[in-house]
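Novice: Before I ask anything, let me first share the structure, which is written out below as structure tokens.
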Amino acid sequence: MSTNNQPPAAEFRGDAPLPRPKPLRRSLGPATLMALLVVGGLLAVAVALQLFVVRRIPPLTEADLVAAEDRWSQHGPTSYDLDFDVEGAQPGTVHVEVRAGEVTAMHRDGVTPRQQRTWQYWSIPARFDEIERELELAADPEHEMQTTASTRLVLRCEFDPQYGFPRQFHRIVYGGGPEVYWRVTNFQPK
């Protein structure tokens, strides 16, 4: 019995084509596979946030604000009841009653603040004033809010098409600073 492991010489003819080598199949290393999984997971989370969490509020522009204020001054009632949900650093609910343009009653989380001067802050004209101030803050947050140079504000606001009052407002802060969100849950002209 021969221990020669060589194939018979007939198989190695000089004029016969050599067999093609099989292409090397590269497999992903564990680090590459983990990186792809992490990136895929982050993309899935970003898409899910956009679809299920992010509020669909249009970007705030100065032109939209001016048009809404004009609509309010032309069509807005001078007497109304208004309810807000507030989120952020001081979340809660706010109820306001306005008669003949003056806030006559106000409750925050069911409690009436003793200082009536704070009531006016929740009227529609005061909401417009706040939004105008937010535009100023967004133009220069470093100086207006004493934040870092990299801080950026994104303002979003939805206005009522009939009366013009702001229905929802959202200040999103990138780089440090308080986020602000409120929405009108009930508006009743009187």
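Here, A, B, ... name the chains of the structure tokens in the order displayed, residue numbers run from 1 inside each chain, and ligands are numbered from 1 in the same displayed order.
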Using only C-alpha atoms, which protein or nucleic acid residues come within 12 Å of Asn186 of chain A? Drop anything in the same chain fewer than 3 positions from it, and give the result as an MDAnalysis selection string.

Specialist: chainID A and resid 80:85 93:97 160 165:168 183 189

Novice: Using only C-alpha atoms, which protein or nucleic acid residues come within 6 Å of Arg156 of chain A? Drop anything in the same chain fewer than 5 positions from it, and give the result as a VMD selection string.

Specialist: chain A and resid 57 to 60 169 to 170

Novice: One decimal, Å: what's the distance from atom CA of Lys22 of chain A over to atom CA of Leu36 of chain A, could you say?

Specialist: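 Taking atom CA of Lys22 of chain A as the start and atom CA of Leu36 of chain A as the end point, the length is 27.3 Å.
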
Novice: Have a look at A:Leu18, A:Val66, A:Leu37, A:Val154 and name the one nearest to Val173 of chain A; count only C-alpha atoms.

Specialist: A:Val154

Novice: Could you check which of A:Glu136, A:Glu102, A:Asp109, A:Glu179 is closest to Tyr121 of chain A, using only C-alpha atoms?

Specialist: A:Glu102

Novice: Find the residue from A:Met34, A:Val103, A:Ala139, A:Arg108 that sits nearest to Pro91 of chain A; use only C-alpha atoms when measuring.

Specialist: A:Arg108

Novice: My list of candidates is A:Thr32, A:Gln120, A:Ser79, A:Thr147. Which is closest to Arg99 of chain A when distances are computed with only C-alpha atoms?

Specialist: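 Under the stated criterion, the closest residue is A:Ser79.
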
Novice: Rank nothing, just name the residue among A:Pro113, A:Gly88, A:Pro21, A:Pro141 nearest to Trp182 of chain A, using only C-alpha atoms.

Specialist: A:Gly88

Novice: With a distance cut-off of 12 Å and only C-alpha atoms, select the neighbouring residues of Tyr174 of chain A, excluding the residue or stretch itself and same-chain residues fewer than 4 positions from it, and output the selection as a PyMOL selection string.

Specialist: chain A and resi 138+141-142+147-155+178-179

Novice: Based on DSSP run over this structure's backbone, return all residues of segment 27-142 of chain A in helix (DSSP H, G or I), as a ChimeraX atom specification.

Specialist: /A:30-52,62-75,116-122,124-139,141-142

Novice: So how many Å separate atom CA of Arg133 of chain A and atom CA of Val111 of chain A, to one decimal?

Specialist: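 Value for the atom CA of Arg133 of chain A-atom CA of Val111 of chain A distance: 27.0 Å.
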
Novice: For Lys190 of chain A, which residue among A:Gly29, A:Gly41, A:Gly76, A:Pro19 is the nearest when counting only C-alpha atoms?

Specialist: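 With only C-alpha atoms as the atom set, the closest residue is A:Gly76.
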
Novice: Can you tell me how far atom CA of Arg56 of chain A sits from atom CA of Phe159 of chain A, in Å to one decimal?

Specialist: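 About the pair atom CA of Arg56 of chain A and atom CA of Phe159 of chain A: they are 12.7 Å apart.
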